[in-house]
Each structure stands twice: as structure tokens, then as C-alpha cells.
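So the structure is just underneath, and the comments pick up after that.
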Amino acid sequence: VQKAPPSASKPPPLSVETLELRGNILHVSGNTAPGATLTLNGLRIDVQADGSFNEFVMFEADAAATVSVRSTAVSGAVTEQQRPVVVSN
């Protein structure tokens, strides 16, 4: 009998380092598990082989905006964060 590895159902790590809005461009960067699928309000964000991500996306929001950042591991386990957007001039 084979057991699944302990990490099979463990939620992936998710560290959002930058979430900054300049005009209508949102900069998001951070780290998650290599191979994970990352979305920002449902929009897929590319994850590098080492688990890092660094994207600029079109974003329409006001100063009180909150976004949902969701990382889904290969196993299907999910980590999700609701984060306020930092508006810069």
C-alpha cells in the first residue's frame, strides 16, 4: 500500500510581497509552491519554476480595493488571501 506524500494535501505556501496600483496597472509579486497555479481575482498569473511570480496587470479599482490571490497546488490544495491594494502616485 502506497501512501500519498505528506505534502499531497498540504496547502501551498503563498507570500505576496508587492500589491501596488499605479494608475490602472497593478504590480503583484511574491512566492508560492513551484508548479502551483496562481490567480488574482480569477486572472491567471504566471508562476516561475522556483515558485516566484512578478506580473503587471490591467486593473480598475478605487483606493479601497481588495483583491483575492489564490494559489492551487498540483494536489488541488488551495491557499487564498484577501489583500488590500496599495495605491501609489
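Each chain in the C-alpha cells gets a letter, A, B and so on, in the order shown; residues start at 1 in every chain, and ligands are counted from 1 in the order they appear.
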Next item on the list: Show which residues sit within 12 Å of Thr66 (chain A), as a ChimeraX atom specification. Count only C-alpha atoms, and ignore same-chain residues fewer than 4 positions away.
Entry: /A:19-21,26,40-41,59-62,81-87
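The neighbours of Thr32 (chain A) here are the residues that come within 8 Å of it, using only C-alpha atoms and leaving out any residue fewer than 3 positions away in the same chain; they are Pro12, Pro13, Leu14, Ser15, Ala36, Val47, Gly51, Ser52, Phe53 and Ser71 of chain A.
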Atoms kept (N, CA and C atoms) for selection, written as a PDB file, in the first residue's frame:
```
ATOM      1  N   PRO A  12      -0.525  25.069  -0.441  1.00  0.00           N
ATOM      2  CA  PRO A  12       0.754  25.641  -0.857  1.00  0.00           C
ATOM      3  C   PRO A  12       1.059  26.921  -0.078  1.00  0.00           C
ATOM      4  N   PRO A  13       2.333  27.222   0.125  1.00  0.00           N
ATOM      5  CA  PRO A  13       2.674  28.494   0.740  1.00  0.00           C
ATOM      6  C   PRO A  13       2.299  29.628  -0.227  1.00  0.00           C
ATOM      7  N   LEU A  14       1.988  30.794   0.313  1.00  0.00           N
ATOM      8  CA  LEU A  14       1.678  31.953  -0.528  1.00  0.00           C
ATOM      9  C   LEU A  14       2.155  33.200   0.189  1.00  0.00           C
ATOM     10  N   SER A  15       3.143  33.857  -0.389  1.00  0.00           N
ATOM     11  CA  SER A  15       3.685  35.084   0.162  1.00  0.00           C
ATOM     12  C   SER A  15       3.567  36.169  -0.903  1.00  0.00           C
ATOM     13  N   ALA A  36       2.517  25.383  -8.756  1.00  0.00           N
ATOM     14  CA  ALA A  36       1.177  25.826  -8.359  1.00  0.00           C
ATOM     15  C   ALA A  36       0.563  26.711  -9.441  1.00  0.00           C
ATOM     16  N   VAL A  47       3.608  31.581 -12.817  1.00  0.00           N
ATOM     17  CA  VAL A  47       4.494  31.202 -11.713  1.00  0.00           C
ATOM     18  C   VAL A  47       5.751  30.595 -12.323  1.00  0.00           C
ATOM     19  N   GLY A  51       8.792  29.001  -8.140  1.00  0.00           N
ATOM     20  CA  GLY A  51       7.620  29.383  -7.361  1.00  0.00           C
ATOM     21  C   GLY A  51       7.407  30.890  -7.269  1.00  0.00           C
ATOM     22  N   SER A  52       8.331  31.668  -7.804  1.00  0.00           N
ATOM     23  CA  SER A  52       8.181  33.127  -7.736  1.00  0.00           C
ATOM     24  C   SER A  52       7.226  33.626  -8.820  1.00  0.00           C
ATOM     25  N   PHE A  53       6.635  34.789  -8.555  1.00  0.00           N
ATOM     26  CA  PHE A  53       5.800  35.444  -9.563  1.00  0.00           C
ATOM     27  C   PHE A  53       6.024  36.945  -9.495  1.00  0.00           C
ATOM     28  N   SER A  71      -3.623  30.457  -4.631  1.00  0.00           N
ATOM     29  CA  SER A  71      -2.623  29.509  -5.111  1.00  0.00           C
ATOM     30  C   SER A  71      -3.182  28.104  -4.964  1.00  0.00           C
TER      31      SER A  71
END
```
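The space separating CA of Gly23 (chain A) from CA of Gly42 (chain A) comes to 20.6 Å.
The smallest atom-to-atom distance between Glu55 (chain A) and any of A:Val28, A:Ser88, A:Val16, A:Pro11, using only C-alpha atoms, is found for A:Val28.
Using only C-alpha atoms, the shortest contact distance between Asn54 (chain A) and any of A:Thr18, A:Ser9, A:Ser68, A:Ser29 is found at A:Ser29.
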Checklist line | Residue set, region 26-63 of chain A restricted to strand (DSSP E or B), as number ranges by chain | finding: A: 26-32, 37-40, 43-45, 52-58
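Interatomic distance, CA of Ala77 (chain A) to CA of Phe56 (chain A): 25.7 Å.
In this model, the gap between CA of Leu43 (chain A) and CA of Arg22 (chain A) comes to 18.4 Å.
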